[in-house]
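*Asks:* Provided herewith: target14.txt, compact mmCIF, C-alpha atoms.
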# COMPACT_ATOMS: atom_id res chain seq x y z
CA MET S 586 -74.87 -150.62 23.41
CA SER S 587 -76.50 -151.71 26.65
CA SER S 588 -75.64 -148.36 28.27
CA ILE S 589 -77.28 -146.54 25.38
CA GLN S 590 -80.41 -148.64 25.70
CA SER S 591 -80.54 -148.07 29.45
CA THR S 592 -80.17 -144.31 28.93
CA ILE S 593 -83.04 -144.26 26.47
CA GLY S 594 -85.11 -146.39 28.82
CA ALA S 595 -84.48 -143.99 31.70
CA THR S 596 -85.40 -141.10 29.44
CA ALA S 597 -88.76 -142.64 28.62
CA ARG S 598 -89.56 -143.08 32.31
CA ASP S 599 -88.08 -140.04 34.01
CA GLY S 600 -87.05 -137.50 31.39
CA LEU S 601 -83.69 -136.83 29.78
CA PRO S 602 -80.51 -136.49 31.86
CA ALA S 603 -79.54 -132.84 32.25
CA SER S 604 -76.17 -133.42 30.59
CA LEU S 605 -77.81 -134.83 27.48
CA VAL S 606 -80.34 -131.98 27.30
CA LEU S 607 -77.44 -129.53 27.61
CA LEU S 608 -75.58 -131.26 24.79
CA LEU S 609 -78.63 -131.22 22.54
CA ALA S 610 -79.45 -127.59 23.31
CA SER S 611 -75.89 -126.28 22.90
CA SER S 612 -75.31 -128.25 19.68
CA ALA S 613 -78.54 -126.91 18.21
CA GLY S 614 -77.61 -123.37 19.23
CA LEU S 615 -74.09 -123.45 17.79
CA ALA S 616 -75.29 -124.97 14.52
CA VAL S 617 -78.16 -122.59 13.89
CA ALA S 618 -76.00 -119.61 14.89
CA ALA S 619 -74.12 -120.12 11.63
CA LEU S 620 -77.22 -118.88 9.81
CA CYS S 621 -77.09 -115.49 11.52
CA TYR S 622 -73.45 -114.54 11.98
CA SER S 623 -73.43 -112.53 8.76
CA GLN S 624 -76.43 -110.31 9.52
CA PRO S 625 -74.90 -107.71 11.89
CA MET S 626 -71.71 -107.70 9.78
CA LEU S 627 -73.33 -106.80 6.45
CA GLY S 628 -72.49 -103.11 6.73
CA VAL S 629 -68.74 -103.65 7.26
CA LEU S 630 -68.58 -106.83 5.19
CA GLY S 631 -69.97 -105.20 2.06
CA ALA S 632 -67.58 -102.25 2.31
CA ASP S 633 -64.59 -104.55 2.82
CA ILE S 634 -65.17 -106.72 -0.26
CA GLY S 635 -66.63 -103.98 -2.45
CA ALA S 636 -70.19 -105.33 -2.67
CA SER S 637 -73.27 -103.11 -2.88
CA THR S 638 -75.98 -103.12 -0.21
CA ARG S 639 -78.33 -104.89 -2.59
CA VAL S 640 -75.85 -107.64 -3.49
CA VAL S 641 -74.57 -108.22 0.04
CA GLY S 642 -78.19 -108.70 1.12
CA PHE S 643 -78.11 -112.02 -0.74
CA VAL S 644 -75.67 -113.47 1.83
CA PRO S 645 -78.39 -114.12 4.46
CA THR S 646 -80.92 -114.86 1.71
CA LEU S 647 -78.82 -117.69 0.26
CA THR S 648 -78.02 -119.01 3.72
CA GLN S 649 -81.71 -119.25 4.54
CA LEU S 650 -82.62 -120.70 1.15
CA GLY S 651 -79.90 -123.31 1.63
CA TYR S 652 -81.38 -124.11 5.01
CA ALA S 653 -84.88 -124.45 3.55
CA PHE S 654 -83.70 -126.75 0.75
CA GLY S 655 -81.50 -128.69 3.16
CA ILE S 656 -84.46 -129.28 5.43
CA LEU S 657 -86.47 -130.75 2.57
CA LEU S 658 -83.64 -132.76 0.99
CA LEU S 659 -81.54 -133.80 4.01
CA ALA S 660 -83.57 -133.62 7.24
CA PRO S 661 -85.88 -136.54 6.26
CA LEU S 662 -82.82 -138.79 6.39
CA GLY S 663 -83.15 -138.67 10.18
CA ASP S 664 -86.02 -141.15 9.91
CA ARG S 665 -83.94 -143.46 7.71
CA PHE S 666 -80.46 -143.43 9.31
CA ASP S 667 -78.80 -143.05 12.70
CA ARG S 668 -79.25 -139.38 13.61
CA ARG S 669 -75.99 -139.29 15.51
CA ARG S 670 -73.97 -140.05 12.37
CA ILE S 671 -75.92 -137.45 10.40
CA ILE S 672 -75.33 -134.77 13.04
CA VAL S 673 -71.58 -135.42 13.11
CA ALA S 674 -71.27 -135.43 9.30
CA LYS S 675 -73.16 -132.15 8.97
CA ALA S 676 -71.02 -130.56 11.69
CA ALA S 677 -67.90 -131.37 9.64
CA VAL S 678 -69.36 -129.90 6.44
CA LEU S 679 -70.61 -126.82 8.27
CA SER S 680 -67.19 -126.20 9.78
CA ALA S 681 -65.56 -126.40 6.34
CA ALA S 682 -68.12 -124.03 4.80
CA LEU S 683 -67.55 -121.46 7.56
CA LEU S 684 -63.80 -121.66 6.93
CA ALA S 685 -64.44 -120.99 3.23
CA ALA S 686 -66.63 -117.98 4.08
CA GLY S 687 -63.92 -116.55 6.33
CA ALA S 688 -61.30 -116.93 3.60
CA ALA S 689 -63.50 -115.69 0.73
CA PRO S 690 -61.65 -113.06 -1.39
CA GLY S 691 -64.86 -111.70 -2.90
CA ILE S 692 -68.63 -111.87 -2.94
CA GLY S 693 -68.81 -114.88 -5.30
CA LEU S 694 -67.19 -117.42 -2.99
CA LEU S 695 -68.91 -115.88 0.02
CA LEU S 696 -72.32 -116.40 -1.59
CA ALA S 697 -71.48 -120.02 -2.50
CA ALA S 698 -70.23 -120.70 1.03
CA SER S 699 -73.38 -119.10 2.44
CA LEU S 700 -75.53 -121.59 0.52
CA VAL S 701 -73.52 -124.56 1.87
CA ILE S 702 -73.67 -123.11 5.40
CA GLY S 703 -77.45 -123.13 5.14
CA LEU S 704 -77.53 -126.72 3.86
CA ALA S 705 -75.24 -128.08 6.60
CA ALA S 706 -76.82 -126.07 9.42
CA THR S 707 -79.83 -128.36 9.08
CA MET S 708 -78.11 -130.53 11.66
CA THR S 709 -80.35 -128.57 14.05
CA GLN S 710 -83.30 -130.28 12.41
CA ASP S 711 -81.82 -133.65 13.32
CA ILE S 712 -81.19 -132.56 16.91
CA VAL S 713 -84.72 -131.33 17.71
CA PRO S 714 -86.51 -134.54 16.56
CA ALA S 715 -83.85 -136.50 18.46
CA ALA S 716 -84.88 -134.68 21.64
CA ALA S 717 -88.56 -135.32 20.89
CA THR S 718 -87.83 -139.02 20.35
CA LEU S 719 -85.88 -139.41 23.59
CA ALA S 720 -88.37 -137.48 25.75
CA SER S 721 -91.43 -139.09 27.28
CA GLU S 722 -94.79 -137.97 25.92
CA SER S 723 -95.73 -136.14 29.13
CA HIS S 724 -92.48 -134.14 29.09
CA ARG S 725 -92.07 -133.70 25.34
CA GLY S 726 -93.20 -130.08 25.21
CA LYS S 727 -90.88 -129.14 28.07
CA VAL S 728 -87.86 -130.98 26.66
CA VAL S 729 -88.37 -129.67 23.13
CA GLY S 730 -88.87 -126.20 24.59
CA THR S 731 -85.58 -126.44 26.48
CA VAL S 732 -83.66 -127.59 23.41
CA MET S 733 -85.34 -124.85 21.39
CA THR S 734 -84.13 -122.34 23.99
CA GLY S 735 -80.59 -123.34 23.03
CA LEU S 736 -81.46 -123.10 19.35
CA LEU S 737 -83.14 -119.71 19.68
CA LEU S 738 -80.36 -118.33 21.86
CA GLY S 739 -77.98 -119.45 19.14
CA ILE S 740 -79.92 -117.41 16.59
CA LEU S 741 -80.16 -114.32 18.76
CA LEU S 742 -76.85 -114.26 20.62
CA SER S 743 -74.96 -115.03 17.42
CA ARG S 744 -75.85 -111.50 16.32
CA VAL S 745 -74.41 -110.05 19.52
CA LEU S 746 -71.20 -112.06 19.22
CA SER S 747 -70.66 -111.48 15.50
CA GLY S 748 -71.29 -107.76 15.81
CA LEU S 749 -68.73 -107.40 18.59
CA VAL S 750 -66.12 -109.67 17.00
CA ALA S 751 -66.47 -107.98 13.60
CA GLU S 752 -66.04 -104.57 15.19
CA GLN S 753 -62.96 -105.54 17.22
CA PHE S 754 -61.21 -108.16 15.05
CA GLY S 755 -62.88 -108.12 11.63
CA TRP S 756 -65.67 -110.15 10.06
CA ARG S 757 -63.37 -112.93 8.86
CA THR S 758 -62.37 -113.74 12.43
CA MET S 759 -66.01 -114.44 13.28
CA PHE S 760 -66.32 -117.06 10.57
CA LEU S 761 -63.07 -118.72 11.66
CA LEU S 762 -64.20 -118.89 15.30
CA ALA S 763 -67.54 -120.33 14.20
CA ALA S 764 -65.76 -123.02 12.17
CA ALA S 765 -63.74 -124.06 15.22
CA SER S 766 -66.86 -124.22 17.41
CA LEU S 767 -68.62 -126.56 14.95
CA ALA S 768 -65.61 -128.85 14.70
CA LEU S 769 -65.63 -129.17 18.49
CA THR S 770 -69.40 -129.69 18.49
CA GLY S 771 -69.09 -132.59 16.07
CA ALA S 772 -66.46 -134.29 18.23
CA VAL S 773 -68.52 -133.93 21.42
CA ALA S 774 -71.71 -135.10 19.70
CA TRP S 775 -69.96 -138.25 18.47
CA ARG S 776 -69.03 -139.18 22.02
CA GLY S 777 -72.07 -137.89 23.89
CA LEU S 778 -75.13 -138.69 21.79
CA PRO S 779 -76.82 -142.10 21.79
CA ARG S 780 -77.41 -144.01 18.58
CA PHE S 781 -80.87 -143.81 17.05
CA ARG S 782 -82.65 -146.63 15.33
CA PRO S 783 -84.24 -145.81 11.95
CA THR S 784 -88.03 -145.64 12.00
CA THR S 785 -88.43 -146.38 8.29
CA HIS S 786 -86.58 -148.33 5.60
CA LEU S 787 -87.87 -146.30 2.66
CA ARG S 788 -85.34 -145.55 -0.06
CA TYR S 789 -84.31 -141.94 -0.49
CA GLY S 790 -86.66 -141.26 -3.40
CA ALA S 791 -89.62 -142.79 -1.58
CA LEU S 792 -88.64 -140.92 1.58
CA LEU S 793 -88.81 -137.59 -0.26
CA ALA S 794 -92.04 -138.60 -1.98
CA SER S 795 -93.56 -139.32 1.42
CA LEU S 796 -93.18 -135.63 2.26
CA ALA S 797 -95.91 -134.83 -0.25
CA THR S 798 -98.09 -137.58 1.22
CA LEU S 799 -97.67 -136.21 4.75
CA TRP S 800 -98.40 -132.69 3.52
CA ARG S 801 -101.66 -133.76 1.86
CA ARG S 802 -102.71 -135.96 4.76
CA HIS S 803 -102.39 -133.55 7.66
CA GLY S 804 -104.18 -130.22 7.69
CA ALA S 805 -102.62 -129.39 11.06
CA LEU S 806 -99.18 -129.63 9.46
CA ARG S 807 -100.17 -127.32 6.61
CA ARG S 808 -101.61 -124.75 8.98
CA ALA S 809 -98.53 -124.82 11.18
CA ALA S 810 -96.10 -124.43 8.25
CA LEU S 811 -98.08 -121.62 6.64
CA SER S 812 -98.59 -119.68 9.85
CA GLN S 813 -94.97 -120.02 10.96
CA GLY S 814 -93.75 -119.15 7.46
CA LEU S 815 -95.76 -115.94 7.39
CA MET S 816 -94.49 -114.94 10.82
CA SER S 817 -90.95 -115.65 9.65
CA ILE S 818 -91.27 -113.08 6.86
CA GLY S 819 -91.68 -110.28 9.38
CA PHE S 820 -89.05 -111.71 11.75
CA SER S 821 -86.41 -111.93 9.01
CA ALA S 822 -87.30 -108.60 7.37
CA PHE S 823 -86.56 -106.90 10.69
CA TRP S 824 -83.31 -108.68 11.57
CA SER S 825 -81.81 -108.67 8.06
CA THR S 826 -82.21 -104.88 7.65
CA LEU S 827 -81.62 -103.72 11.22
CA ALA S 828 -77.82 -103.44 10.93
CA VAL S 829 -78.00 -101.38 7.74
CA MET S 830 -80.69 -99.13 9.21
CA LEU S 831 -78.73 -98.50 12.42
CA HIS S 832 -75.59 -97.85 10.37
CA GLY S 833 -77.24 -94.82 8.74
CA ALA S 834 -78.90 -91.64 9.96
CA PRO S 835 -80.02 -90.75 12.57
CA PHE S 836 -78.27 -93.49 14.59
CA HIS S 837 -74.84 -93.98 12.93
CA LEU S 838 -74.17 -97.10 15.01
CA GLY S 839 -71.63 -99.82 14.22
CA SER S 840 -71.98 -103.58 13.90
CA GLY S 841 -71.47 -104.04 17.64
CA ALA S 842 -74.56 -101.99 18.47
CA ALA S 843 -76.60 -103.81 15.85
CA GLY S 844 -75.49 -107.17 17.23
CA ALA S 845 -76.32 -106.07 20.76
CA PHE S 846 -79.99 -106.03 19.78
CA GLY S 847 -79.73 -109.81 19.90
CA LEU S 848 -79.64 -109.48 23.69
CA ALA S 849 -83.15 -108.04 23.54
CA GLY S 850 -84.35 -110.92 21.41
CA ALA S 851 -82.58 -113.41 23.66
CA VAL S 852 -84.96 -112.48 26.46
CA GLY S 853 -87.69 -114.13 24.42
CA ALA S 854 -85.73 -117.35 24.01
CA PHE S 855 -86.05 -118.08 27.72
CA ALA S 856 -89.82 -118.22 27.24
CA ALA S 857 -89.50 -121.35 25.12
CA PRO S 858 -89.73 -123.86 28.01
CA LEU S 859 -92.63 -121.86 29.44
CA ALA S 860 -94.39 -122.01 26.08
CA GLY S 861 -93.76 -125.75 25.97
CA ARG S 862 -95.23 -126.30 29.44
CA LEU S 863 -98.23 -124.11 28.59
CA ALA S 864 -98.77 -126.11 25.42
CA ASP S 865 -98.59 -129.35 27.44
CA ARG S 866 -101.19 -128.08 29.94
CA LYS S 867 -103.55 -125.79 28.01
CA GLY S 868 -103.06 -126.98 24.46
CA PRO S 869 -100.80 -125.59 21.72
CA GLU S 870 -103.57 -123.78 19.82
CA LEU S 871 -103.90 -121.17 22.57
CA VAL S 872 -100.15 -120.59 22.53
CA THR S 873 -100.09 -120.02 18.75
CA ARG S 874 -102.77 -117.32 18.98
CA LEU S 875 -101.17 -115.59 21.95
CA GLY S 876 -97.80 -115.58 20.20
CA ALA S 877 -99.19 -114.20 16.95
CA THR S 878 -101.10 -111.45 18.76
CA LEU S 879 -98.00 -110.37 20.69
CA ALA S 880 -95.96 -110.24 17.47
CA VAL S 881 -98.59 -108.11 15.71
CA ILE S 882 -98.63 -105.58 18.55
CA SER S 883 -94.82 -105.47 18.73
CA PHE S 884 -94.29 -104.95 15.00
CA ALA S 885 -97.05 -102.34 14.74
CA ALA S 886 -95.62 -100.36 17.68
CA MET S 887 -92.52 -99.55 15.63
CA ALA S 888 -94.65 -97.34 13.37
CA PHE S 889 -94.59 -94.73 16.15
CA ALA S 890 -90.78 -94.42 16.02
CA PRO S 891 -90.68 -91.30 13.77
CA MET S 892 -92.61 -89.38 16.45
CA LEU S 893 -89.85 -89.96 19.03
CA ASP S 894 -86.33 -88.69 19.58
CA VAL S 895 -83.36 -90.93 18.80
CA HIS S 896 -82.97 -92.28 22.34
CA ALA S 897 -86.68 -93.12 22.63
CA GLN S 898 -86.61 -94.78 19.19
CA LEU S 899 -83.87 -97.15 20.35
CA ILE S 900 -85.87 -98.02 23.47
CA LEU S 901 -88.92 -98.75 21.31
CA LEU S 902 -86.87 -100.96 18.98
CA VAL S 903 -85.55 -102.96 21.95
CA ALA S 904 -89.03 -103.39 23.44
CA SER S 905 -90.46 -104.43 20.08
CA ALA S 906 -87.65 -106.94 19.52
CA ILE S 907 -88.37 -108.54 22.90
CA GLY S 908 -92.10 -108.68 22.16
CA PHE S 909 -92.06 -110.16 18.68
CA ASP S 910 -89.31 -112.64 19.57
CA LEU S 911 -91.46 -113.86 22.47
CA GLY S 912 -94.41 -114.24 20.11
CA PHE S 913 -92.39 -115.89 17.35
CA GLN S 914 -90.74 -118.42 19.63
CA GLY S 915 -93.93 -119.26 21.50
CA MET S 916 -95.65 -119.99 18.19
CA LEU S 917 -92.78 -122.19 17.04
CA ILE S 918 -92.78 -124.33 20.19
CA ALA S 919 -96.56 -124.74 19.96
CA HIS S 920 -96.38 -125.70 16.29
CA GLN S 921 -93.71 -128.30 17.04
CA THR S 922 -95.86 -129.73 19.83
CA ILE S 923 -98.71 -130.04 17.32
CA ILE S 924 -96.76 -131.78 14.57
CA TYR S 925 -94.74 -134.14 16.77
CA GLY S 926 -98.00 -135.69 17.94
CA ILE S 927 -99.25 -136.43 14.41
CA GLU S 928 -97.10 -139.41 13.33
CA PRO S 929 -94.29 -140.36 15.74
CA ASN S 930 -92.49 -142.49 13.13
CA ALA S 931 -92.26 -139.52 10.74
CA ARG S 932 -91.05 -136.82 13.12
CA SER S 933 -87.99 -135.89 11.05
CA ARG S 934 -90.11 -135.47 7.93
CA LEU S 935 -92.86 -133.55 9.72
CA ASN S 936 -90.23 -131.33 11.31
CA ALA S 937 -88.63 -130.85 7.88
CA LEU S 938 -91.89 -129.59 6.38
CA LEU S 939 -92.56 -127.21 9.26
CA PHE S 940 -89.08 -125.71 9.17
CA ALA S 941 -88.98 -125.60 5.37
CA GLY S 942 -92.03 -123.36 5.53
CA MET S 943 -90.38 -121.31 8.25
CA PHE S 944 -87.11 -120.76 6.42
CA ILE S 945 -88.72 -120.15 3.06
CA GLY S 946 -90.46 -117.36 4.93
CA MET S 947 -87.12 -116.28 6.40
CA ALA S 948 -85.50 -116.12 2.95
CA ALA S 949 -88.48 -114.24 1.52
CA GLY S 950 -88.35 -111.83 4.45
CA SER S 951 -84.63 -111.14 3.93
CA ALA S 952 -85.07 -110.47 0.23
CA LEU S 953 -88.26 -108.45 0.65
CA GLY S 954 -86.84 -106.51 3.59
CA ALA S 955 -83.70 -105.55 1.62
CA LEU S 956 -85.81 -104.53 -1.39
CA VAL S 957 -88.34 -102.35 0.42
CA PHE S 958 -85.67 -100.82 2.65
CA ALA S 959 -83.62 -99.80 -0.38
CA GLN S 960 -86.68 -98.39 -2.15
CA TRP S 961 -88.78 -96.83 0.62
CA GLY S 962 -86.86 -96.97 3.89
CA TRP S 963 -87.36 -98.46 7.35
CA MET S 964 -91.08 -97.72 7.70
CA ALA S 965 -91.71 -99.94 4.68
CA VAL S 966 -89.98 -102.78 6.54
CA VAL S 967 -92.28 -102.16 9.52
CA VAL S 968 -95.33 -102.37 7.23
CA VAL S 969 -94.10 -105.67 5.74
CA ALA S 970 -93.41 -107.16 9.18
CA THR S 971 -96.75 -106.10 10.61
CA GLY S 972 -98.67 -107.36 7.60
CA ALA S 973 -96.92 -110.73 7.77
CA ALA S 974 -97.73 -111.11 11.48
CA VAL S 975 -101.38 -110.19 10.93
CA SER S 976 -101.61 -112.78 8.14
CA SER S 977 -100.13 -115.42 10.45
CA LEU S 978 -102.70 -114.62 13.13
CA VAL S 979 -105.52 -114.81 10.57
CA VAL S 980 -104.36 -118.27 9.47
CA ARG S 981 -104.38 -119.54 13.04
CA THR S 982 -107.72 -117.97 13.93
CA MET S 983 -109.57 -119.02 10.79
CA ALA S 984 -108.04 -122.48 10.70
CA SER S 985 -109.14 -123.05 14.28
CA ALA S 986 -112.72 -122.04 13.52
CA HIS S 987 -112.99 -123.59 10.06
CA ASP S 988 -110.78 -126.42 8.82
CA VAL S 989 -110.21 -124.75 5.49
CA LEU S 990 -106.58 -125.62 4.72
Using structure tokens, write down the structure that the file contains.
*Replies:*
Amino acid sequence: MSSIQSTIGATARDGLPASLVLLLASSAGLAVAALCYSQPMLGVLGADIGASTRVVGFVPTLTQLGYAFGILLLAPLGDRFDRRRIIVAKAAVLSAALLAAGAAPGIGLLLAASLVIGLAATMTQDIVPAAATLASESHRGKVVGTVMTGLLLGILLSRVLSGLVAEQFGWRTMFLLAAASLALTGAVAWRGLPRFRPTTHLRYGALLASLATLWRRHGALRRAALSQGLMSIGFSAFWSTLAVMLHGAPFHLGSGAAGAFGLAGAVGAFAAPLAGRLADRKGPELVTRLGATLAVISFAAMAFAPMLDVHAQLILLVASAIGFDLGFQGMLIAHQTIIYGIEPNARSRLNALLFAGMFIGMAAGSALGALVFAQWGWMAVVVVATGAAVSSLVVRTMASAHDVL
């Protein structure tokens, strides 16, 4: 116990040890990757189990809804119990759910497993507040940004990996590999993470009720959740329909090519520490507006795709993916910097509310993207994504000028 206390003390003075930051970042990345493995595989997955495009679109939707509900119902427990124990328990459940998804004989069990995957993947929302708690105030933006780089790379590179694995070895293999990675993550986290003291002794019911109190009390929290949620609609509408769009004319590309687009988005993940440092120095409000503006431009640029040949369209899609991922991730880091400074003893609950808004937006974006793509095609998805990004920018701009929320 003394070694744990000394580690935390050193963290407060000098910043986190690199090994601990690496553990936090990699654990967050592997956990959140479970939310995205299915997306590039939807084209081959649906054909293999005999599910329609519309029905198979509910796989990522249920995963993201499970994540949103898990954030609200489970993430607040990080303020009440030792976060290390919570992280390890969720890793075990997540591993089991991924095994069930890989063994699913049909769409029914796969949908149920997807919901549980979303619930258990909220271990990421115990890891990020843990990093914020361990970091000193002067380095919090940088440390959170670094851990978020791991988380965001998990989201983006998971698409690359799952697309390639599904194409070479089948979609079930991807779920089995993911299950093994989470089992290993849980074991390493048990040995490598320090214990965390609870910051509240509220009972579970009172802990959940306090979420409503925090929501009413802090306008900055409401603005952050609404703005990030709106941006998430466009982000998810793009990524959840990209594989199906590339599978059809004029591209006729497989799951590997669709997953490879994650490499473009991964470029943006490396901007997370930069966004954190900029938020520390210049203030997070500036970062939110810059990020939203970049996302608007990137989404809107895709409207010019029909005027280009196939090769140029792919280049435009890659450039747009880099741009809006940079904007999305910069906004998220800035919003976290804002809310972690509101009430230090309620960081898990504040983080839960921010990410609940974000993943409700993600789920809405997946469902809306699948619907408009099926009815009107890819350009309708571009319109939805651009409109969502513009709305997010309006929230940030108006809320900054007039405290209306």
*Asks:* Could you check the closest approach to Ser747 in chain S for each of S:Gly730, S:Pro625, S:Gly804, S:Gly693 and tell me which residue wins, using only C-alpha atoms?
*Replies:*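 Of the candidates, the smallest distance to Ser747 in chain S is held by S:Pro625.
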*Asks:* Which residues come within 8 Å of Leu827 in chain S, counting only C-alpha atoms, excluding same-chain residues fewer than 3 positions away, as an mmCIF file with C-alpha atoms, in the coordinates of the input?
*Replies:*
data_model
loop_
_atom_site.group_PDB
_atom_site.id
_atom_site.type_symbol
_atom_site.label_atom_id
_atom_site.label_comp_id
_atom_site.auth_asym_id
_atom_site.auth_seq_id
_atom_site.Cartn_x
_atom_site.Cartn_y
_atom_site.Cartn_z
ATOM 1 C CA PRO S 625 -74.900 -107.710 11.890
ATOM 2 C CA PHE S 823 -86.560 -106.900 10.690
ATOM 3 C CA TRP S 824 -83.310 -108.680 11.570
ATOM 4 C CA MET S 830 -80.690 -99.130 9.210
ATOM 5 C CA LEU S 831 -78.730 -98.500 12.420
ATOM 6 C CA ALA S 843 -76.600 -103.810 15.850
#
*Asks:* To one decimal place, how far is CA of Asp711 in chain S from CA of Gly663 in chain S in Å?
*Replies:*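 We find that CA of Asp711 in chain S and CA of Gly663 in chain S lie 6.1 Å from each other.
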*Asks:* Please list as a list in words every residue within 7 Å of Gly915 in chain S, counting all atoms listed in the file and excluding residues in the same chain fewer than 5 positions away.
*Replies:* Ala857, Ala860, Val872, Thr873 and Gly876 of chain S
*Asks:* For CA of Leu736 in chain S and CA of Ala705 in chain S, quote the distance in Å rounded to one decimal.
*Replies:*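 CA of Leu736 in chain S sits 15.0 Å away from CA of Ala705 in chain S.
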*Asks:* Work out how far apart CA of Ala919 in chain S and CA of Val729 in chain S are and give it in Å to one decimal.
*Replies:*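 Computed distance, CA of Ala919 in chain S to CA of Val729 in chain S, equals 10.1 Å.
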*Asks:* Which is closer to Leu749 in chain S than all the others in S:Ser812, S:Met626, S:Thr798, S:Leu778, using only C-alpha atoms?
*Replies:*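 When distances to Leu749 in chain S are compared using only C-alpha atoms, the smallest one comes from S:Met626.
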*Asks:* Rank S:Trp775, S:Phe781, S:Tyr652, S:Phe820 by their smallest atom-to-atom distance to Ala715 in chain S, using all atoms listed in the file, and report the top residue only.
*Replies:* S:Phe781
*Asks:* Between S:Leu650, S:Val713, S:Ala937, S:Leu838, which is the closest to Leu608 in chain S once you count all atoms listed in the file?
*Replies:*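 Ranked by minimum distance to Leu608 in chain S, first place goes to S:Val713.
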*Asks:* In terms of the shortest atom-to-atom distance over only C-alpha atoms, which of S:Gly628, S:Pro869, S:Pro835, S:Gly912 is closest to His896 in chain S?
*Replies:*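 Using only C-alpha atoms, the shortest distance to His896 in chain S belongs to S:Pro835.
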*Asks:* For range 878-882 of chain S, please output as a CSV table (one decimal) with C-alpha atoms, in the frame of the given file all residues within 10 Å (counting only C-alpha atoms; exclusion window: fewer than 3 positions along the same chain).
*Replies:*
chain,number,residue,atom,x,y,z
S,816,MET,CA,-94.5,-114.9,10.8
S,819,GLY,CA,-91.7,-110.3,9.4
S,820,PHE,CA,-89.0,-111.7,11.8
S,872,VAL,CA,-100.2,-120.6,22.5
S,873,THR,CA,-100.1,-120.0,18.8
S,874,ARG,CA,-102.8,-117.3,19.0
S,875,LEU,CA,-101.2,-115.6,22.0
S,885,ALA,CA,-97.0,-102.3,14.7
S,886,ALA,CA,-95.6,-100.4,17.7
S,887,MET,CA,-92.5,-99.6,15.6
S,905,SER,CA,-90.5,-104.4,20.1
S,906,ALA,CA,-87.6,-106.9,19.5
S,907,ILE,CA,-88.4,-108.5,22.9
S,908,GLY,CA,-92.1,-108.7,22.2
S,909,PHE,CA,-92.1,-110.2,18.7
S,910,ASP,CA,-89.3,-112.6,19.6
S,911,LEU,CA,-91.5,-113.9,22.5
S,912,GLY,CA,-94.4,-114.2,20.1
S,913,PHE,CA,-92.4,-115.9,17.4
S,914,GLN,CA,-90.7,-118.4,19.6
S,915,GLY,CA,-93.9,-119.3,21.5
S,916,MET,CA,-95.6,-120.0,18.2
S,970,ALA,CA,-93.4,-107.2,9.2
S,971,THR,CA,-96.8,-106.1,10.6
S,972,GLY,CA,-98.7,-107.4,7.6
S,973,ALA,CA,-96.9,-110.7,7.8
S,974,ALA,CA,-97.7,-111.1,11.5
S,975,VAL,CA,-101.4,-110.2,10.9
S,976,SER,CA,-101.6,-112.8,8.1
S,977,SER,CA,-100.1,-115.4,10.4
S,978,LEU,CA,-102.7,-114.6,13.1
S,979,VAL,CA,-105.5,-114.8,10.6
*Asks:* Rank S:Ile927, S:Ala791, S:Leu737, S:Val773 by their smallest atom-to-atom distance to Arg669 in chain S, using only C-alpha atoms, and report the top residue only.
*Replies:* S:Val773
*Asks:* Fewer than 4 positions away in the same chain doesn't count, so skip those; otherwise give me all residues within 12 Å of Arg776 in chain S, counting all atoms listed in the file, as a PDB file with C-alpha atoms, in the coordinates of the input.
*Replies:*
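Dumped to result18.pdb:
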ATOM      1  CA  ILE S 589     -77.280-146.540  25.380  1.00  0.00           C
ATOM      2  CA  LEU S 605     -77.810-134.830  27.480  1.00  0.00           C
ATOM      3  CA  LEU S 608     -75.580-131.260  24.790  1.00  0.00           C
ATOM      4  CA  ARG S 669     -75.990-139.290  15.510  1.00  0.00           C
ATOM      5  CA  ARG S 670     -73.970-140.050  12.370  1.00  0.00           C
ATOM      6  CA  ILE S 672     -75.330-134.770  13.040  1.00  0.00           C
ATOM      7  CA  VAL S 673     -71.580-135.420  13.110  1.00  0.00           C
ATOM      8  CA  LEU S 769     -65.630-129.170  18.490  1.00  0.00           C
ATOM      9  CA  THR S 770     -69.400-129.690  18.490  1.00  0.00           C
ATOM     10  CA  GLY S 771     -69.090-132.590  16.070  1.00  0.00           C
ATOM     11  CA  ALA S 772     -66.460-134.290  18.230  1.00  0.00           C
ATOM     12  CA  ARG S 780     -77.410-144.010  18.580  1.00  0.00           C
TER      13      ARG S 780
END
*Asks:* Anything within 10 Å of (-77.0, -125.8, 10.7): list those residues as a compact mmCIF listing (two decimals) with C-alpha atoms, keeping the file's coordinate frame, counting all atoms listed in the file and sticking to the file's coordinates.
*Replies:*
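That gives us part30.txt:
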# COMPACT_ATOMS: atom_id res chain seq x y z
CA SER S 612 -75.31 -128.25 19.68
CA ALA S 613 -78.54 -126.91 18.21
CA GLY S 614 -77.61 -123.37 19.23
CA LEU S 615 -74.09 -123.45 17.79
CA ALA S 616 -75.29 -124.97 14.52
CA VAL S 617 -78.16 -122.59 13.89
CA ALA S 618 -76.00 -119.61 14.89
CA ALA S 619 -74.12 -120.12 11.63
CA LEU S 620 -77.22 -118.88 9.81
CA THR S 648 -78.02 -119.01 3.72
CA GLY S 651 -79.90 -123.31 1.63
CA TYR S 652 -81.38 -124.11 5.01
CA GLY S 655 -81.50 -128.69 3.16
CA ILE S 656 -84.46 -129.28 5.43
CA ILE S 672 -75.33 -134.77 13.04
CA LYS S 675 -73.16 -132.15 8.97
CA ALA S 676 -71.02 -130.56 11.69
CA VAL S 678 -69.36 -129.90 6.44
CA LEU S 679 -70.61 -126.82 8.27
CA SER S 680 -67.19 -126.20 9.78
CA VAL S 701 -73.52 -124.56 1.87
CA ILE S 702 -73.67 -123.11 5.40
CA GLY S 703 -77.45 -123.13 5.14
CA LEU S 704 -77.53 -126.72 3.86
CA ALA S 705 -75.24 -128.08 6.60
CA ALA S 706 -76.82 -126.07 9.42
CA THR S 707 -79.83 -128.36 9.08
CA MET S 708 -78.11 -130.53 11.66
CA THR S 709 -80.35 -128.57 14.05
CA GLN S 710 -83.30 -130.28 12.41
CA ASP S 711 -81.82 -133.65 13.32
CA LEU S 767 -68.62 -126.56 14.95
